[in-house]
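Novice: Data: structure-v9.txt, compact mmCIF, C-alpha atoms.
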# COMPACT_ATOMS: atom_id res chain seq x y z
CA PRO A 15 95.32 183.30 216.02
CA LEU A 16 96.76 185.82 218.43
CA ASN A 17 93.98 185.16 220.93
CA TYR A 18 94.68 181.44 220.67
CA VAL A 19 98.37 182.04 221.23
CA GLN A 20 97.64 184.21 224.26
CA THR A 21 95.41 181.46 225.62
CA LEU A 22 98.26 178.96 225.29
CA LYS A 23 100.58 181.40 227.05
CA LYS A 24 98.34 181.29 230.13
CA ASP A 25 99.38 177.71 230.76
CA PRO A 26 101.95 177.82 233.64
CA TRP A 27 104.60 175.75 231.85
CA VAL A 28 104.35 177.61 228.49
CA ILE A 29 107.03 180.27 227.97
CA PHE A 30 105.95 181.31 224.49
CA ALA A 31 103.71 180.31 221.59
CA ALA A 32 104.45 181.38 218.03
CA CYS A 33 103.90 180.74 214.35
CA VAL A 34 106.82 181.09 211.91
CA ASP A 35 106.54 181.21 208.11
CA SER A 36 108.69 179.27 205.66
CA HIS A 37 111.27 182.09 205.57
CA GLY A 38 111.76 182.03 209.31
CA ARG A 39 109.85 185.24 210.03
CA VAL A 40 107.68 185.25 213.11
CA GLN A 41 104.10 185.94 212.09
CA VAL A 42 102.41 185.39 215.44
CA HIS A 43 104.00 185.37 218.88
CA SER A 44 102.80 185.58 222.46
CA ASP A 45 105.38 188.34 222.93
CA PRO A 46 104.50 191.04 220.33
CA GLN A 47 108.15 192.18 220.21
CA TRP A 48 109.04 189.05 218.25
CA ILE A 49 106.52 189.61 215.46
CA GLY A 50 108.31 190.28 212.16
CA LYS A 51 111.69 189.14 213.46
CA THR A 52 113.61 186.14 212.20
CA TRP A 53 113.43 182.95 214.24
CA ASP A 54 116.84 181.62 215.25
CA HIS A 55 116.12 177.90 214.73
CA THR A 56 114.78 177.60 211.21
CA GLU A 57 117.52 175.51 209.63
CA ASP A 58 115.33 172.38 209.69
CA LEU A 59 112.02 174.09 208.94
CA SER A 60 111.79 172.73 205.39
CA THR A 61 112.28 169.14 206.62
CA ILE A 62 109.55 169.18 209.25
CA GLN A 63 106.74 166.99 207.97
CA VAL A 64 105.14 165.74 211.21
CA SER A 65 104.54 167.08 214.70
CA GLY A 66 107.20 166.44 217.31
CA ALA A 67 109.10 167.71 220.30
CA GLY A 68 112.68 168.64 221.09
CA ARG A 69 114.87 170.38 223.62
CA ASP A 70 116.75 173.59 222.95
CA PHE A 71 120.10 172.91 224.62
CA HIS A 72 121.01 176.60 224.59
CA SER A 73 118.00 177.81 226.58
CA GLY A 74 117.02 174.51 228.20
CA GLN A 75 113.48 174.93 226.96
CA ILE A 76 111.25 172.20 225.56
CA HIS A 77 109.98 173.00 222.06
CA LEU A 78 106.83 171.46 220.66
CA TYR A 79 106.36 171.99 216.93
CA ALA A 80 103.97 171.13 214.17
CA PRO A 81 104.15 171.92 210.44
CA VAL A 82 101.67 174.32 208.91
CA THR A 83 100.78 173.04 205.43
CA PHE A 84 98.86 174.42 202.49
CA VAL A 85 98.13 172.24 199.45
CA ASP A 86 100.63 169.61 200.61
CA THR A 87 103.33 172.24 201.02
CA THR A 88 104.89 173.24 204.33
CA VAL A 89 104.41 176.99 204.63
CA GLY A 90 105.35 177.45 208.23
CA MET A 91 105.63 175.99 211.67
CA ALA A 92 103.67 176.34 214.90
CA LEU A 93 105.84 176.44 218.01
CA ILE A 94 105.31 176.18 221.75
CA GLY A 95 108.21 176.65 224.13
CA GLY A 96 107.96 175.43 227.68
CA ASP A 97 109.90 175.27 230.93
CA PRO A 98 110.81 171.62 231.61
CA GLN A 99 111.11 172.18 235.37
CA VAL A 100 107.64 173.69 235.59
CA LEU A 101 106.34 170.91 233.36
CA ASP A 102 107.93 168.34 235.66
CA ARG A 103 106.34 169.95 238.71
CA ILE A 104 102.95 170.07 237.02
CA SER A 105 103.33 166.44 235.92
CA GLN A 106 104.32 165.36 239.43
CA THR A 107 101.42 167.29 240.97
CA ARG A 108 98.93 165.76 238.55
CA LEU A 109 100.47 162.33 239.05
CA LEU A 110 100.20 162.65 242.83
CA ALA A 111 96.62 163.86 242.47
CA THR A 112 95.84 160.89 240.24
CA LEU A 113 97.48 158.48 242.69
CA SER A 114 95.56 160.05 245.58
CA GLN A 115 92.32 159.69 243.66
CA LEU A 116 93.15 156.07 242.82
CA LYS A 117 93.90 155.47 246.50
CA ARG A 118 90.52 156.88 247.52
CA VAL A 119 88.81 154.82 244.85
CA GLY A 120 90.69 151.72 246.04
CA VAL A 121 89.71 152.30 249.67
CA ALA A 122 86.08 152.91 248.70
CA THR A 123 86.10 149.78 246.53
CA PHE A 124 87.57 147.75 249.40
CA PHE A 125 84.91 148.88 251.87
CA LEU A 126 82.18 148.37 249.28
CA ALA A 127 83.44 144.85 248.58
CA ALA A 128 83.60 144.14 252.33
CA LEU A 129 80.04 145.41 252.77
CA VAL A 130 78.78 143.29 249.88
CA GLY A 131 80.64 140.29 251.31
CA LEU A 132 79.02 140.78 254.72
CA MET A 133 75.59 141.09 253.13
CA LEU A 134 76.14 137.91 251.13
CA ALA A 135 77.45 136.09 254.20
CA PHE A 136 74.38 137.15 256.20
CA SER A 137 72.03 136.18 253.38
CA PHE A 138 73.56 132.68 253.34
CA SER A 139 74.16 132.16 257.07
CA ARG A 140 70.52 132.77 258.04
CA PRO A 141 68.98 130.13 255.73
CA ILE A 142 71.75 127.70 256.64
CA GLY A 143 70.74 128.17 260.27
CA LYS A 144 67.16 127.37 259.30
CA LEU A 145 68.34 124.18 257.58
CA VAL A 146 70.24 123.17 260.72
CA GLU A 147 67.09 123.81 262.76
CA ALA A 148 65.05 121.64 260.38
CA SER A 149 67.57 118.78 260.49
CA ARG A 150 67.57 118.83 264.30
CA ALA A 151 63.77 118.87 264.41
CA ILE A 152 63.51 115.91 262.03
CA GLY A 153 66.23 114.07 263.92
CA SER A 154 64.28 114.49 267.17
CA GLY A 155 61.18 112.93 265.62
CA ARG A 156 59.22 116.04 264.60
CA LEU A 157 58.48 114.71 261.13
CA ASP A 158 55.77 117.31 260.51
CA PHE A 159 58.31 120.15 260.70
CA VAL A 160 58.45 122.30 257.54
CA THR A 161 61.34 124.73 257.02
CA PRO A 162 60.19 128.15 255.77
CA ILE A 163 63.12 128.72 253.40
CA ALA A 164 61.73 126.19 250.91
CA GLN A 165 60.28 129.18 249.01
CA ARG A 166 63.74 130.40 248.01
CA GLY A 167 64.71 130.08 244.36
CA ASP A 168 68.37 129.22 244.90
CA GLU A 169 70.21 126.01 245.81
CA LEU A 170 69.37 126.44 249.51
CA GLY A 171 65.68 126.49 248.60
CA VAL A 172 66.10 123.27 246.61
CA LEU A 173 67.83 121.64 249.60
CA ALA A 174 65.06 122.82 251.93
CA ARG A 175 62.35 121.39 249.65
CA GLU A 176 64.17 118.06 249.48
CA MET A 177 64.44 118.06 253.28
CA ASN A 178 60.71 118.74 253.62
CA GLN A 179 59.97 115.92 251.17
CA MET A 180 62.22 113.57 253.13
CA ALA A 181 60.41 114.42 256.38
CA LYS A 182 57.07 113.80 254.67
CA GLN A 183 58.19 110.38 253.41
CA LEU A 184 59.58 109.44 256.81
CA LYS A 185 56.27 110.40 258.41
CA GLU A 186 54.38 108.23 255.92
CA LEU A 187 56.73 105.31 256.63
CA ASP A 188 56.26 105.79 260.36
CA GLU A 189 52.47 105.80 259.97
CA THR A 190 52.65 102.67 257.80
CA LYS A 191 54.76 100.98 260.47
CA ASP A 192 52.23 101.86 263.17
CA GLU A 193 49.36 100.52 261.06
CA LEU A 194 51.26 97.28 260.34
CA LEU A 195 52.11 96.81 264.01
CA ALA A 196 48.49 97.40 265.05
CA GLN A 197 47.23 94.95 262.44
CA VAL A 198 49.73 92.25 263.43
CA THR A 199 48.91 92.76 267.09
CA HIS A 200 45.22 92.40 266.36
CA ASP A 201 45.78 89.30 264.23
CA LEU A 202 47.88 87.64 266.92
CA ARG A 203 45.54 88.49 269.77
CA SER A 204 43.04 85.66 269.17
CA PRO A 205 45.61 82.84 268.71
CA MET A 206 47.50 84.01 271.74
CA ALA A 207 44.33 84.06 273.79
CA ALA A 208 43.53 80.51 272.66
CA ILE A 209 47.03 79.31 273.52
CA TYR A 210 46.78 80.98 276.93
CA MET A 211 43.45 79.35 277.70
CA TYR A 212 44.70 75.92 276.59
CA ALA A 213 47.84 76.24 278.69
CA GLU A 214 45.81 77.34 281.72
CA HIS A 215 43.50 74.37 281.25
CA MET A 216 46.40 71.96 281.06
CA LEU A 217 48.02 73.38 284.17
CA THR A 218 44.93 73.63 286.38
CA ILE A 219 42.24 71.24 285.21
CA ASP A 220 43.90 68.50 283.22
CA LYS A 221 44.28 65.28 285.22
CA ASN A 222 47.66 64.65 283.67
CA ARG A 223 49.02 68.04 284.69
CA GLU A 224 51.55 66.40 287.01
CA LYS A 225 53.13 64.79 283.99
CA ILE A 226 53.28 68.11 282.20
CA LEU A 227 54.70 70.16 285.04
CA PRO A 228 58.49 69.97 285.39
CA GLN A 229 59.75 67.86 288.29
Show me, as structure tokens, the structure contained in the file I just sent.

Specialist:
Amino acid sequence: PLNYVQTLKKDPWVIFAACVDSHGRVQVHSDPQWIGKTWDHTEDLSTIQVSGAGRDFHSGQIHLYAPVTFVDTTVGMALIGGDPQVLDRISQTRLLATLSQLKRVGVATFFLAALVGLMLAFSFSRPIGKLVEASRAIGSGRLDFVTPIAQRGDELGVLAREMNQMAKQLKELDETKDELLAQVTHDLRSPMAAIYMYAEHMLTIDKNREKILPQ
């Protein structure tokens, strides 16, 4: 126990550490001169049932105490006396150190969040640029244009695949239109030729062409 008491005494704010029996005699103390002497503040020793803390208004010290029990009987008390000013300084120093550490953690978290935000922004801005390029290409008539970001597994990939599908359907419609126009042109070529020949005949060979021509 003495070694443990001496270890407690090494703490900067601890003035003494001791163990007092139920009769108020000091059994263990960080200052050997106190061993065997009567402790001055034992009037409430028999009523101490739980650990606690108090201030000695005569010395200004802070006293931490805890009952020492044996078979549900209080047989003594463990005491630690400390300097409140030193304790305040230690508390302030540790508090400032904690605040400084929290500040560093906050700054690191901020920069990490900013870096992650920039990475996310870049990862989204590049495929969006590809989508803009695809929309401009399709708008200019390049219906065979295929955007490379259609392989993505996110919403931008879905949009790119839908855009590629739209370009494919527009190309098919354009080809169907060309085929229909070619077929109609071919079908109208013979009747138009016949009408042209008949009109030429009426205007050049027909004896009644003077009646046909406008006056």

Novice: Which one of A:Gly167, A:Gly143, A:Gly90, A:Gly153 sits closest to A:Gln41 if you count only C-alpha atoms?

Specialist: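 So, comparing all the options, the nearest one is A:Gly90.
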
Novice: Just the number, please: distance in Å from atom CA of A:Ile49 to atom CA of A:Asp35, one decimal.

Specialist: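 So the two atoms, atom CA of A:Ile49 and atom CA of A:Asp35, lie 11.2 Å apart.
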
Novice: Please identify all polymer residues within 12 Å of stretch 25-33 of chain A, counting all atoms listed in the file, omitting same-chain residues fewer than 4 positions from it, and present them as a ChimeraX atom specification.

Specialist: /A:15-21,37-53,56,59,73-82,89-105

Novice: What is the distance between atom CA of A:Gln106 and atom CA of A:Thr123, in Å to one decimal?

Specialist: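 Atom CA of A:Thr123 lies 25.0 Å from atom CA of A:Gln106.
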
Novice: Would you mind listing what lies within 10 Å of A:Gln183 as a PyMOL selection string, with only C-alpha atoms counted and same-chain residues fewer than 6 positions away left out?

Specialist: chain A and resi 157+177+189

Novice: Could you state the separation of atom CA of A:Leu22 and atom CA of A:Val34 in Å, given to one decimal place?

Specialist: 16.0 Å

Novice: Residues at most 9 Å from A:Arg156, counting all atoms listed in the file, excluding those fewer than 5 positions away in the same chain, as a ChimeraX atom specification?

Specialist: /A:150-151,181,185

Novice: Put a box with edges along x, y and z around all the listed atoms of stretch 41-49 of chain A, pad it by 3 Å on each side, then give me its centre and sizes in Å, one decimal, as JSON.

Specialist:
{"center_x": 105.7, "center_y": 188.8, "center_z": 217.5, "size_x": 12.6, "size_y": 12.8, "size_z": 16.8}

Novice: Enumerate, as a PyMOL selection string, the protein, DNA and RNA residues whose atoms approach (58.5, 117.4, 259.4) to within 12 Å, taking into account only C-alpha atoms and the coordinate frame of the file.

Specialist: chain A and resi 147-162+174-186+188
